[in-house]
$ cat coords26.cif   # mmCIF, C-alpha atoms and all ligand atoms
data_run
loop_
_atom_site.label_atom_id
_atom_site.label_comp_id
_atom_site.auth_asym_id
_atom_site.auth_seq_id
_atom_site.Cartn_x
_atom_site.Cartn_y
_atom_site.Cartn_z
CA MET A 57 -51.63 -23.41 -34.33
CA SER A 58 -53.71 -24.66 -31.44
CA ARG A 59 -52.92 -27.51 -29.14
CA ILE A 60 -55.02 -30.52 -30.00
CA SER A 61 -55.36 -32.62 -26.92
CA GLN A 62 -53.56 -33.79 -23.81
CA SER A 63 -53.27 -37.24 -25.27
CA SER A 64 -51.66 -36.20 -28.54
CA ARG A 65 -49.17 -38.61 -30.04
CA PHE A 66 -47.18 -36.05 -31.94
CA CYS A 67 -45.80 -32.56 -31.37
CA ALA A 68 -48.16 -29.77 -32.27
CA VAL A 69 -45.31 -27.60 -33.54
CA CYS A 70 -42.81 -29.85 -35.29
CA GLY A 71 -44.83 -33.00 -35.63
CA ALA A 72 -42.28 -35.18 -33.87
CA LYS A 73 -43.76 -38.54 -32.83
CA GLU A 74 -41.27 -39.28 -30.04
CA GLY A 75 -42.51 -38.36 -26.56
CA PRO A 76 -42.71 -37.38 -23.89
CA PHE A 77 -45.08 -34.54 -24.66
CA LEU A 78 -46.21 -31.71 -22.46
CA GLU A 79 -49.01 -29.39 -23.53
CA ASN A 80 -48.86 -31.14 -26.91
CA LEU A 81 -45.23 -30.19 -27.43
CA CYS A 82 -42.12 -32.28 -27.65
CA GLU A 83 -39.25 -31.49 -25.29
CA ASN A 84 -37.38 -29.31 -27.82
CA CYS A 85 -40.36 -27.24 -28.80
CA PHE A 86 -41.59 -26.93 -25.24
CA LYS A 87 -38.23 -25.59 -24.07
CA LYS A 88 -38.19 -23.08 -26.93
CA GLU A 89 -41.67 -21.82 -26.12
CA ASN A 90 -41.24 -21.90 -22.37
CA PRO A 91 -37.77 -20.74 -21.44
CA LEU A 92 -36.87 -20.66 -17.77
CA GLU A 93 -38.28 -17.63 -16.09
CA ILE A 94 -34.98 -16.46 -14.80
CA GLU A 95 -33.38 -13.08 -15.08
CA VAL A 96 -29.73 -12.34 -14.68
CA GLN A 97 -28.33 -8.85 -14.41
CA LYS A 98 -27.08 -7.71 -17.84
CA LYS A 99 -24.68 -5.00 -16.71
CA ILE A 100 -22.56 -4.55 -13.65
CA SER A 101 -20.27 -1.66 -12.79
CA VAL A 102 -17.12 -2.23 -10.80
CA GLU A 103 -15.48 0.86 -9.37
CA ILE A 104 -11.84 0.45 -8.63
CA CYS A 105 -9.73 3.07 -6.90
CA PRO A 106 -6.34 3.36 -8.62
CA LEU A 107 -4.81 4.83 -5.47
CA CYS A 108 -5.76 2.27 -2.84
CA ARG A 109 -7.17 -0.52 -5.03
CA SER A 110 -10.42 -0.65 -3.10
CA ILE A 111 -13.34 -2.03 -5.06
CA ARG A 112 -16.99 -1.17 -5.06
CA VAL A 113 -19.60 -3.27 -6.83
CA GLN A 114 -22.91 -1.50 -6.43
CA GLY A 115 -22.57 -1.54 -2.69
CA PRO A 116 -20.13 -0.84 0.04
CA VAL A 117 -16.44 -0.34 -0.65
CA VAL A 118 -14.27 -3.40 -0.13
CA ASP A 119 -10.63 -2.94 0.81
CA THR A 120 -8.06 -5.09 -0.88
CA TRP A 121 -4.47 -5.82 0.00
CA LYS A 122 -1.48 -5.76 -2.26
CA GLU A 123 -0.97 -9.49 -1.89
CA GLU A 124 -4.43 -10.38 -3.11
CA GLY A 125 -5.14 -10.79 -6.80
CA LEU A 126 -7.69 -8.26 -7.99
CA GLU A 127 -8.96 -10.74 -10.54
CA ALA A 128 -10.16 -13.17 -7.90
CA ILE A 129 -11.69 -10.44 -5.76
CA ILE A 130 -13.57 -8.81 -8.62
CA ARG A 131 -14.79 -12.20 -9.81
CA GLU A 132 -16.04 -13.12 -6.38
CA MET A 133 -17.78 -9.80 -5.85
CA VAL A 134 -19.43 -9.78 -9.27
CA GLU A 135 -20.62 -13.37 -8.94
CA ARG A 136 -22.03 -12.66 -5.51
CA LYS A 137 -23.83 -9.61 -6.84
CA ILE A 138 -25.29 -11.59 -9.77
CA LEU A 139 -26.53 -14.34 -7.47
CA GLU A 140 -28.12 -11.80 -5.16
CA ASN A 141 -30.10 -10.39 -8.05
CA ILE A 142 -31.20 -13.55 -9.83
CA SER A 143 -34.93 -13.97 -9.63
CA ALA A 144 -36.18 -17.46 -10.31
CA ASP A 145 -39.12 -19.52 -9.19
CA VAL A 146 -37.48 -22.88 -9.75
CA ALA A 147 -34.56 -24.53 -8.09
CA TYR A 148 -31.42 -24.17 -10.18
CA SER A 149 -27.70 -24.71 -10.24
CA TYR A 150 -25.27 -22.29 -11.79
CA GLU A 151 -21.85 -22.01 -13.34
CA PHE A 152 -19.81 -18.95 -14.16
CA GLU A 153 -17.34 -18.27 -16.88
CA ASP A 154 -15.59 -14.97 -17.50
CA ASP A 155 -12.71 -13.30 -19.25
CA ILE A 156 -11.49 -11.16 -16.37
CA GLU A 157 -7.70 -10.94 -16.49
CA GLU A 158 -5.51 -9.68 -13.70
CA THR A 159 -3.09 -7.94 -16.06
CA LYS A 160 -5.85 -6.05 -17.82
CA ILE A 161 -7.67 -4.80 -14.74
CA MET A 162 -5.55 -1.72 -14.20
CA ASN A 163 -5.01 -1.31 -17.93
CA TYR A 164 -6.51 1.89 -19.29
CA GLY A 165 -7.35 0.28 -22.61
CA VAL A 166 -9.64 -2.50 -21.45
CA LYS A 167 -12.70 -1.30 -19.68
CA THR A 168 -15.13 -4.18 -19.96
CA PHE A 169 -15.14 -7.87 -19.32
CA GLU A 170 -17.83 -10.44 -19.96
CA LEU A 171 -19.24 -13.01 -17.63
CA ILE A 172 -21.54 -15.83 -18.65
CA THR A 173 -23.83 -17.40 -16.12
CA THR A 174 -25.09 -20.82 -17.07
CA ILE A 175 -28.21 -21.86 -15.23
CA ARG A 176 -29.51 -25.42 -15.05
CA ALA A 177 -32.91 -26.34 -13.72
CA LYS A 178 -35.36 -29.21 -14.01
CA PRO A 179 -38.81 -27.74 -13.59
CA TYR A 180 -40.67 -30.67 -15.23
CA GLU A 181 -40.49 -34.31 -14.30
CA GLU A 182 -41.19 -35.31 -17.90
CA PHE A 183 -38.28 -33.45 -19.45
CA SER A 184 -34.56 -33.41 -18.93
CA GLU A 185 -32.69 -30.43 -17.52
CA PHE A 186 -33.14 -26.94 -18.93
CA LYS A 187 -29.88 -25.15 -19.59
CA GLN A 188 -29.69 -21.43 -20.33
CA SER A 189 -26.84 -18.97 -20.51
CA PHE A 190 -26.89 -15.28 -19.69
CA LEU A 191 -24.35 -12.63 -20.54
CA THR A 192 -23.37 -9.93 -18.07
CA ARG A 193 -21.12 -7.08 -19.13
CA ILE A 194 -18.73 -5.94 -16.41
CA LYS A 195 -17.71 -2.35 -16.76
CA LEU A 196 -14.58 -1.34 -14.88
CA ILE A 197 -14.51 2.26 -13.77
CA ARG A 198 -11.30 3.68 -12.39
CA THR A 199 -12.23 6.33 -9.90
CA SER A 200 -10.84 7.63 -6.62
CA CYS A 201 -12.80 6.27 -3.71
CA ASP A 202 -14.28 8.70 -1.19
CA LEU A 203 -11.46 8.23 1.25
CA CYS A 204 -8.72 8.80 -1.28
CA SER A 205 -10.56 11.86 -2.54
CA LYS A 206 -10.59 13.17 1.00
CA HIS A 207 -6.88 12.52 1.29
CA LYS A 208 -6.18 14.39 -1.92
CA ALA A 209 -8.28 17.29 -0.68
CA GLY A 210 -6.08 17.55 2.42
CA TYR A 211 -8.65 16.18 4.83
CA PHE A 212 -7.53 15.59 8.40
CA GLU A 213 -9.29 15.13 11.70
CA ALA A 214 -6.56 15.73 14.20
CA ILE A 215 -3.37 17.54 14.96
CA LEU A 216 -0.55 15.90 16.86
CA GLN A 217 1.80 18.08 18.88
CA VAL A 218 4.77 17.19 21.03
CA ARG A 219 6.12 19.93 23.26
CA GLY A 220 8.47 20.19 26.19
CA GLU A 221 7.20 21.20 29.61
CA LYS A 222 8.66 24.69 30.12
CA ARG A 223 11.52 23.84 27.82
CA LYS A 224 12.74 23.15 24.29
CA LEU A 225 13.31 19.65 22.94
CA THR A 226 16.81 18.29 22.77
CA GLU A 227 18.08 17.03 19.45
CA ILE A 228 17.87 13.46 20.71
CA GLU A 229 14.27 13.98 21.74
CA GLN A 230 13.41 15.46 18.36
CA GLU A 231 14.94 12.46 16.66
CA ASN A 232 13.29 9.97 19.02
CA THR A 233 9.78 11.37 18.66
CA GLU A 234 10.09 11.51 14.91
CA ASN A 235 11.31 7.91 14.92
CA ILE A 236 8.31 6.82 16.97
CA VAL A 237 5.96 8.48 14.49
CA ASN A 238 7.73 6.90 11.52
CA ARG A 239 7.78 3.48 13.10
CA ILE A 240 4.03 3.57 13.79
CA MET A 241 3.25 4.88 10.33
CA GLU A 242 5.06 1.89 8.83
CA ARG A 243 2.39 -0.31 10.40
CA TYR A 244 -0.29 1.68 8.59
CA ILE A 245 1.40 1.78 5.23
CA ASP A 246 -1.38 -0.17 3.53
CA ALA A 247 -4.21 0.93 5.78
CA LYS A 248 -7.03 3.09 4.59
CA MET A 249 -7.31 6.69 5.71
CA SER A 250 -4.13 6.46 7.74
CA TYR A 251 -1.72 9.18 6.83
CA ILE A 252 0.02 12.19 8.28
CA MET A 253 0.73 15.48 6.56
CA ASP A 254 3.00 18.47 7.04
CA LEU A 255 5.26 16.90 9.67
CA GLU A 256 7.56 19.46 11.22
CA THR A 257 10.12 18.91 13.95
CA ASP A 258 12.38 21.47 15.58
CA ASN A 259 13.44 22.37 19.09
CA ASP A 260 9.98 23.76 19.80
CA GLY A 261 8.60 20.28 19.21
CA LEU A 262 6.84 18.13 16.65
CA THR A 263 3.65 19.01 14.81
CA CYS A 264 1.70 17.18 12.13
CA LYS A 265 -1.79 16.78 10.73
CA VAL A 266 -3.27 13.33 11.15
CA SER A 267 -5.99 11.80 8.98
CA THR A 268 -8.09 10.33 11.80
CA LYS A 269 -8.58 10.91 15.50
CA TYR A 270 -7.90 7.25 16.12
CA LEU A 271 -4.50 7.38 14.46
CA ALA A 272 -3.60 10.62 16.23
CA GLU A 273 -4.46 9.08 19.57
CA THR A 274 -2.39 5.99 18.79
CA LEU A 275 0.60 8.14 17.91
CA ALA A 276 0.17 10.37 20.95
CA ARG A 277 -0.15 7.44 23.36
CA GLU A 278 2.98 5.74 22.11
CA ILE A 279 4.98 8.95 22.39
CA LYS A 280 3.60 9.53 25.84
CA ASN A 281 4.49 6.00 26.97
CA ALA A 282 7.98 6.19 25.55
CA THR A 283 8.75 9.54 27.14
CA ALA A 284 6.74 9.56 30.38
CA GLY A 285 5.05 12.62 28.93
CA LYS A 286 1.55 13.87 29.63
CA LEU A 287 -1.22 13.58 27.06
CA SER A 288 -4.03 16.06 26.73
CA VAL A 289 -6.69 16.48 24.07
CA ALA A 290 -8.26 19.73 22.98
CA TYR A 291 -11.52 19.10 21.19
CA LYS A 292 -13.11 20.75 18.26
CA LEU A 293 -10.75 23.22 16.88
CA LYS A 294 -12.22 24.22 13.57
CA THR A 295 -9.93 24.13 10.55
CA LYS A 296 -10.27 24.09 6.81
CA THR A 297 -9.01 21.50 4.37
CA ARG A 298 -7.06 22.64 1.31
CA ASP A 299 -10.24 22.87 -0.72
CA GLY A 300 -11.94 24.95 1.93
CA VAL A 301 -14.10 22.38 3.72
CA ASP A 302 -14.64 23.02 7.43
CA VAL A 303 -13.45 20.24 9.70
CA TYR A 304 -13.62 19.93 13.44
CA THR A 305 -10.22 18.89 14.61
CA ASN A 306 -8.92 17.43 17.84
CA THR A 307 -5.47 18.38 19.00
CA TYR A 308 -3.51 15.66 20.78
CA LEU A 309 -0.74 17.25 22.78
CA VAL A 310 2.06 15.31 24.44
CA ARG A 311 4.08 17.32 26.91
CA LEU A 312 7.49 15.86 27.53
CA PRO A 313 8.54 15.92 31.18
CA GLU A 314 10.17 19.06 32.50
CA TYR A 315 13.39 17.10 33.02
CA SER A 316 14.99 14.87 30.44
CA LEU A 317 17.89 12.43 30.77
CA GLU A 318 21.25 13.96 31.72
CA ASP A 319 19.65 17.23 32.79
CA ILE A 320 21.36 18.96 35.69
CA LEU A 321 19.38 20.29 38.59
CA GLU A 322 19.64 21.64 42.07
CA PHE A 323 17.38 19.91 44.56
CA GLU A 324 17.53 19.99 48.36
CA ASN A 325 20.61 22.19 48.11
CA LYS A 326 22.55 19.59 46.16
CA MET A 327 23.48 19.16 42.53
CA TRP A 328 22.14 16.16 40.62
CA VAL A 329 22.02 14.68 37.16
CA VAL A 330 18.83 13.04 35.87
CA LYS A 331 19.08 9.32 35.21
CA GLN A 332 15.48 8.22 34.65
CA VAL A 333 12.04 9.79 34.38
CA THR A 334 8.84 7.76 34.74
CA ASP A 335 5.22 8.81 35.13
CA ALA A 336 5.49 9.09 38.90
CA GLN A 337 9.16 9.08 39.79
CA MET A 338 12.57 10.38 38.91
CA LYS A 339 15.90 8.72 39.53
CA ILE A 340 18.67 11.26 40.02
CA GLU A 341 22.36 10.90 40.74
CA SER A 342 24.06 13.04 43.32
CA LEU A 343 27.11 14.89 42.04
CA ASP A 344 28.54 14.85 45.58
CA ASN A 345 29.00 11.09 45.76
CA HIS A 346 27.33 9.61 42.61
CA GLU A 347 24.69 7.79 44.60
CA GLN A 348 21.41 7.35 42.74
CA ARG A 349 18.12 8.04 44.47
CA LYS A 350 14.46 7.96 43.53
CA PHE A 351 12.11 10.80 44.33
CA ASP A 352 8.53 11.63 43.61
CA ARG A 353 8.55 13.31 40.21
CA LYS A 354 6.18 16.08 41.24
CA ARG A 355 8.33 16.91 44.22
CA ILE A 356 11.37 17.45 42.04
CA GLU A 357 9.35 19.37 39.48
CA ASN A 358 7.99 21.65 42.19
CA ARG A 359 11.14 22.21 44.21
CA GLY A 360 14.03 21.45 41.92
CA LYS A 361 15.84 24.03 39.85
CA GLN A 362 16.63 23.19 36.24
CA LEU A 363 20.23 24.22 35.60
CA THR A 364 21.15 22.45 32.37
CA GLU A 365 21.25 25.70 30.42
CA SER A 366 22.99 27.62 33.19
CA VAL A 367 26.08 25.51 33.72
CA VAL A 368 29.28 25.78 31.70
CA GLN A 369 30.48 22.43 30.40
CA ARG A 370 34.05 21.56 31.10
CA GLU A 371 36.48 18.75 30.43
CA TYR A 372 38.98 17.49 32.98
CA LEU A 373 41.83 15.05 33.36
CA PHE A 374 42.07 12.75 36.38
CA VAL A 375 45.71 13.42 37.35
CA SER A 376 46.28 11.49 40.57
CA SER A 377 44.73 10.13 43.73
CA ASP A 378 45.90 9.12 47.20
CA GLY A 379 42.82 7.00 47.93
CA LYS A 380 40.74 9.79 49.52
CA GLY A 381 41.64 12.92 47.66
CA ALA A 382 42.12 13.44 43.95
CA VAL A 383 43.90 15.90 41.73
CA ILE A 384 41.96 16.98 38.68
CA MET A 385 43.13 19.25 35.89
CA ALA A 386 40.75 21.45 33.91
CA LEU A 387 41.64 20.99 30.27
CA ASP A 388 40.66 24.52 29.21
CA ASN A 389 43.19 26.36 31.40
CA TYR A 390 45.35 23.54 32.88
CA GLU A 391 44.38 24.60 36.39
CA ASN A 392 44.83 21.87 39.01
CA ILE A 393 41.97 21.23 41.38
CA ASP A 394 42.12 19.31 44.67
CA ASP A 395 38.90 17.42 45.27
CA ASN A 396 37.40 14.47 47.13
CA LEU A 397 37.66 11.17 45.32
CA GLU A 398 33.99 10.39 45.95
CA ARG A 399 32.96 13.44 43.89
CA LEU A 400 34.41 11.74 40.80
CA PRO A 401 32.34 9.34 38.69
CA GLN A 402 32.74 5.79 39.90
CA ASN A 403 35.36 3.59 38.24
CA LYS A 404 37.34 6.51 36.86
CA GLN A 405 41.05 5.71 36.57
CA VAL A 406 43.99 8.07 36.80
CA GLY A 407 44.78 9.34 33.32
CA GLU A 408 41.19 9.26 32.09
CA ASN A 409 39.19 12.25 30.92
CA ILE A 410 36.11 13.39 32.81
CA LEU A 411 33.15 15.37 31.51
CA GLY A 412 31.57 17.86 33.88
CA PHE A 413 30.74 21.50 34.35
CA ILE A 414 31.42 24.52 36.46
CA TYR A 415 28.59 26.27 38.25
CA GLU A 416 28.95 29.18 40.68
CA ASP A 417 32.71 28.64 40.77
CA LYS A 418 32.44 24.99 41.73
CA ASN A 419 33.42 22.05 39.54
CA TYR A 420 31.18 19.00 39.11
CA TYR A 421 32.08 15.73 37.43
CA ILE A 422 29.44 13.78 35.55
CA LYS A 423 31.13 10.98 33.64
ZN ZN B 501 -41.62 -30.33 -31.36
ZN ZN B 502 -8.96 4.74 -2.61
#

$ encode --input "coords26.cif" --output "C-alpha cells" --more "lines below"
Ligand SMILES: [Zn+2]
Ligand SMILES: [Zn+2]
Amino acid sequence: MSRISQSSRFCAVCGAKEGPFLENLCENCFKKENPLEIEVQKKISVEICPLCRSIRVQGPVVDTWKEEGLEAIIREMVERKILENISADVAYSYEFEDDIEETKIMNYGVKTFELITTIRAKPYEEFSEFKQSFLTRIKLIRTSCDLCSKHKAGYFEAILQVRGEKRKLTEIEQENTENIVNRIMERYIDAKMSYIMDLETDNDGLTCKVSTKYLAETLAREIKNATAGKLSVAYKLKTKTRDGVDVYTNTYLVRLPEYSLEDILEFENKMWVVKQVTDAQMKIESLDNHEQRKFDRKRIENRGKQLTESVVQREYLFVSSDGKGAVIMALDNYENIDDNLERLPQNKQVGENILGFIYEDKNYYIK
C-alpha cells in the first residue's frame, strides 16, 4: 500500500480518521512501522569470584566489601554497562526493572537474571511519547578472579625475615614479632592480595612468604620500629610458585639489635643490664650502683661484651643490712655474702628475694 498524500485525512494502513497523521499514518500505525532506533545489549555476563566476591562486568574487576549487598552492586554495574552501550539518535529517558535477588546470587542453581530497560522518547512533535522495552539476560558466572587464582597457585612477591644480630631470638621476642605480624594482618583481612604463607617462628627468627612487596614492607617497617631493628631489602631473588611459575622476590630482613632488654654485658670494665634500646642509643643500668645511663648504641655494640649466655643465674635472700653493708644469702648453697648495700637493687627490703647471677666468682644482683 502506498502513501497517498501529505494532506490525507485518514490513515493509509488502518483507515483511522482521527489525526494527527504523519507520512499518512495515524500515531499507532506510525509507531508500529517506525520503532525507535535504539539498541540495548541483549546479554551481559557478570563474573563473580566466590572467594573474594569481586565482580567483573565486561571490564575491570570491582572489589566489594562484606557489608555491601551484592544485589545492589551488580544492579548498578549492569545498568551502567547497559547505558554505556545504548546507541540512540534521539533524546530518551529510561527505567530499569530486574529480578536480581541477593539470596540467589551465590546460589549454584540460579545462573541468570533478567533486566528490562524501558526507554521513553518523543522524537515527533505531532505524536505522544514512544515507549519501548528491551530485555537483557544477565548471566552470572562464578569464577576465581585473577588475584585469587594467583593466591591459590601460591603466588608471592616477597619474603619477610626477622633475625637477631649475632644472636638467637628470645622467646619473648619470638612472641612479640609474631604478634606484630598477626595484628597487621588483621587490618588486611578483607583486602585483596594481602596474605602471608608458611609463617615459621623459632629462636633463629621469623620467616614467611608475603603476597606483595608493599605488604612485606609494611610488616617489616612495623617490626623494625617496634624493636629498634635494622631493615634491609635484598632485591630479585628468583623463586617458583607452587605451580612452577618463576617470580622475582624481594627479601625484607629485619635484624633485631645485638642487645635486647635485660641482657647482661660488660662495658668499660663494668657489668650492666640493658634497660632500653632505640635506633641510636642504649640505656643501661650499672650493677655496681643501679644507676642508669645512656650511651651511643654503636659504641656499646662495638666495645661491649655480651654476657647473657655466659653468666649463671642465681637467687638470693636479702638477710640484713646496717645501712652501708648488706648480708645476702645464696639460695642454692646457703652461703652468706657480705656486700655493699648500693650493689643491691633499689628499694629492696630485708627478707625479700633477689634475682641475679654469678660471673667470674662475683655475685651481681639485678632485681
Ligand atoms: Zn493507522
Ligand atoms: Zn577473588

$ axis_aligned_box --input "coords26.cif" --around "region 191-203 of chain A" --padding-each-side "5 Å" --output "AutoDock Vina command-line options"
--center_x -17.6 --center_y -2.0 --center_z -9.6 --size_x 23.5 --size_y 31.3 --size_z 31.8

$ atom_distance --input "coords26.cif" --atom1 "CA of Glu227 (chain A)" --atom2 "CA of Asp260 (chain A)"
10.5 Å

$ residues_near_ligand --input "coords26.cif" --ligand "ligand ZN 502 (chain B)" --cutoff "6 Å" --atoms "all atoms listed in the file" --output "list in words"
Cys105, Leu107, Cys108, Ser110, Ser200, Cys201, Leu203 and Cys204 of chain A

$ atom_distance --input "coords26.cif" --atom1 "CA of Lys137 (chain A)" --atom2 "CA of Ser205 (chain A)"
25.6 Å

$ atom_distance --input "coords26.cif" --atom1 "CA of Leu373 (chain A)" --atom2 "CA of Leu343 (chain A)"
17.1 Å

$ residues_around --input "coords26.cif" --residues "region 244-248 of chain A" --least-positions-apart "2" --cutoff "12 Å" --atoms "only C-alpha atoms" --output "short mmCIF file (atom, residue, chain, number, x, y, z; two decimals) with C-alpha atoms, keeping the file's coordinate frame"
data_model
loop_
_atom_site.label_atom_id
_atom_site.label_comp_id
_atom_site.auth_asym_id
_atom_site.auth_seq_id
_atom_site.Cartn_x
_atom_site.Cartn_y
_atom_site.Cartn_z
CA CYS A 105 -9.73 3.07 -6.90
CA LEU A 107 -4.81 4.83 -5.47
CA CYS A 108 -5.76 2.27 -2.84
CA ARG A 109 -7.17 -0.52 -5.03
CA SER A 110 -10.42 -0.65 -3.10
CA VAL A 117 -16.44 -0.34 -0.65
CA VAL A 118 -14.27 -3.40 -0.13
CA ASP A 119 -10.63 -2.94 0.81
CA THR A 120 -8.06 -5.09 -0.88
CA TRP A 121 -4.47 -5.82 0.00
CA LYS A 122 -1.48 -5.76 -2.26
CA GLU A 123 -0.97 -9.49 -1.89
CA CYS A 201 -12.80 6.27 -3.71
CA ASP A 202 -14.28 8.70 -1.19
CA LEU A 203 -11.46 8.23 1.25
CA CYS A 204 -8.72 8.80 -1.28
CA SER A 205 -10.56 11.86 -2.54
CA LYS A 206 -10.59 13.17 1.00
CA HIS A 207 -6.88 12.52 1.29
CA VAL A 237 5.96 8.48 14.49
CA ASN A 238 7.73 6.90 11.52
CA ARG A 239 7.78 3.48 13.10
CA ILE A 240 4.03 3.57 13.79
CA MET A 241 3.25 4.88 10.33
CA GLU A 242 5.06 1.89 8.83
CA SER A 250 -4.13 6.46 7.74
CA TYR A 251 -1.72 9.18 6.83
CA ILE A 252 0.02 12.19 8.28
CA SER A 267 -5.99 11.80 8.98
CA THR A 268 -8.09 10.33 11.80
CA LEU A 271 -4.50 7.38 14.46
CA THR A 274 -2.39 5.99 18.79
CA LEU A 275 0.60 8.14 17.91
#

$ residues_around --input "coords26.cif" --residues "Leu363 (chain A)" --least-positions-apart "5" --cutoff "12 Å" --atoms "all atoms listed in the file" --output "PyMOL selection string"
chain A and resi 223+314-316+318-323+326-330+368-369+413-416

$ residues_near_point --input "coords26.cif" --point "(-15.5, 0.1, -17.8)" --cutoff "10 Å" --atoms "all atoms listed in the file" --output "list in words"
Ile100, Ser101, Val102, Glu103, Ile104, Ile161, Tyr164, Gly165, Val166, Lys167, Thr168, Phe169, Arg193, Ile194, Lys195, Leu196, Ile197 and Arg198 of chain A

$ residues_near_ligand --input "coords26.cif" --ligand "ligand ZN 501 (chain B)" --cutoff "9 Å" --atoms "all atoms listed in the file" --output "list in words"
Phe66, Cys67, Ala68, Val69, Cys70, Gly71, Ala72, Lys73, Phe77, Asn80, Leu81, Cys82, Glu83, Asn84, Cys85 and Phe86 of chain A

$ build_atoms --input "coords26.cif" --residues "region 266-272 of chain A" --atoms "all heavy atoms" --output "mmCIF file, in the coordinates of the input"
data_model
loop_
_atom_site.group_PDB
_atom_site.id
_atom_site.type_symbol
_atom_site.label_atom_id
_atom_site.label_comp_id
_atom_site.auth_asym_id
_atom_site.auth_seq_id
_atom_site.Cartn_x
_atom_site.Cartn_y
_atom_site.Cartn_z
ATOM 1 N N VAL A 266 -3.042 14.767 11.170
ATOM 2 C CA VAL A 266 -3.270 13.330 11.150
ATOM 3 C C VAL A 266 -4.659 13.047 10.594
ATOM 4 O O VAL A 266 -5.628 13.702 10.976
ATOM 5 C CB VAL A 266 -3.132 12.730 12.572
ATOM 6 C CG1 VAL A 266 -3.202 11.213 12.526
ATOM 7 C CG2 VAL A 266 -1.835 13.177 13.226
ATOM 8 N N SER A 267 -4.732 12.058 9.700
ATOM 9 C CA SER A 267 -5.990 11.800 8.980
ATOM 10 C C SER A 267 -7.159 11.520 9.925
ATOM 11 O O SER A 267 -8.239 12.063 9.740
ATOM 12 C CB SER A 267 -5.800 10.613 8.044
ATOM 13 O OG SER A 267 -5.354 9.477 8.750
ATOM 14 N N THR A 268 -6.947 10.667 10.932
ATOM 15 C CA THR A 268 -8.090 10.330 11.800
ATOM 16 C C THR A 268 -7.732 10.565 13.268
ATOM 17 O O THR A 268 -6.561 10.542 13.654
ATOM 18 C CB THR A 268 -8.496 8.853 11.668
ATOM 19 O OG1 THR A 268 -7.428 8.041 12.146
ATOM 20 C CG2 THR A 268 -8.822 8.497 10.233
ATOM 21 N N LYS A 269 -8.772 10.733 14.060
ATOM 22 C CA LYS A 269 -8.580 10.910 15.500
ATOM 23 C C LYS A 269 -7.969 9.658 16.101
ATOM 24 O O LYS A 269 -7.119 9.719 16.978
ATOM 25 C CB LYS A 269 -9.916 11.228 16.173
ATOM 26 C CG LYS A 269 -10.441 12.574 15.732
ATOM 27 C CD LYS A 269 -11.823 12.880 16.240
ATOM 28 C CE LYS A 269 -12.174 14.287 15.831
ATOM 29 N NZ LYS A 269 -13.395 14.401 15.078
ATOM 30 N N TYR A 270 -8.421 8.512 15.601
ATOM 31 C CA TYR A 270 -7.900 7.250 16.120
ATOM 32 C C TYR A 270 -6.388 7.150 15.934
ATOM 33 O O TYR A 270 -5.658 6.814 16.856
ATOM 34 C CB TYR A 270 -8.607 6.081 15.407
ATOM 35 C CG TYR A 270 -7.960 4.756 15.702
ATOM 36 C CD1 TYR A 270 -8.209 4.085 16.906
ATOM 37 C CD2 TYR A 270 -7.071 4.181 14.797
ATOM 38 C CE1 TYR A 270 -7.590 2.889 17.181
ATOM 39 C CE2 TYR A 270 -6.455 2.984 15.073
ATOM 40 C CZ TYR A 270 -6.716 2.335 16.264
ATOM 41 O OH TYR A 270 -6.090 1.160 16.542
ATOM 42 N N LEU A 271 -5.933 7.475 14.733
ATOM 43 C CA LEU A 271 -4.500 7.380 14.460
ATOM 44 C C LEU A 271 -3.728 8.400 15.298
ATOM 45 O O LEU A 271 -2.662 8.101 15.843
ATOM 46 C CB LEU A 271 -4.238 7.599 12.966
ATOM 47 C CG LEU A 271 -2.779 7.537 12.511
ATOM 48 C CD1 LEU A 271 -2.153 6.190 12.821
ATOM 49 C CD2 LEU A 271 -2.660 7.833 11.014
ATOM 50 N N ALA A 272 -4.281 9.592 15.431
ATOM 51 C CA ALA A 272 -3.600 10.620 16.230
ATOM 52 C C ALA A 272 -3.472 10.169 17.677
ATOM 53 O O ALA A 272 -2.437 10.363 18.320
ATOM 54 C CB ALA A 272 -4.386 11.932 16.152
#
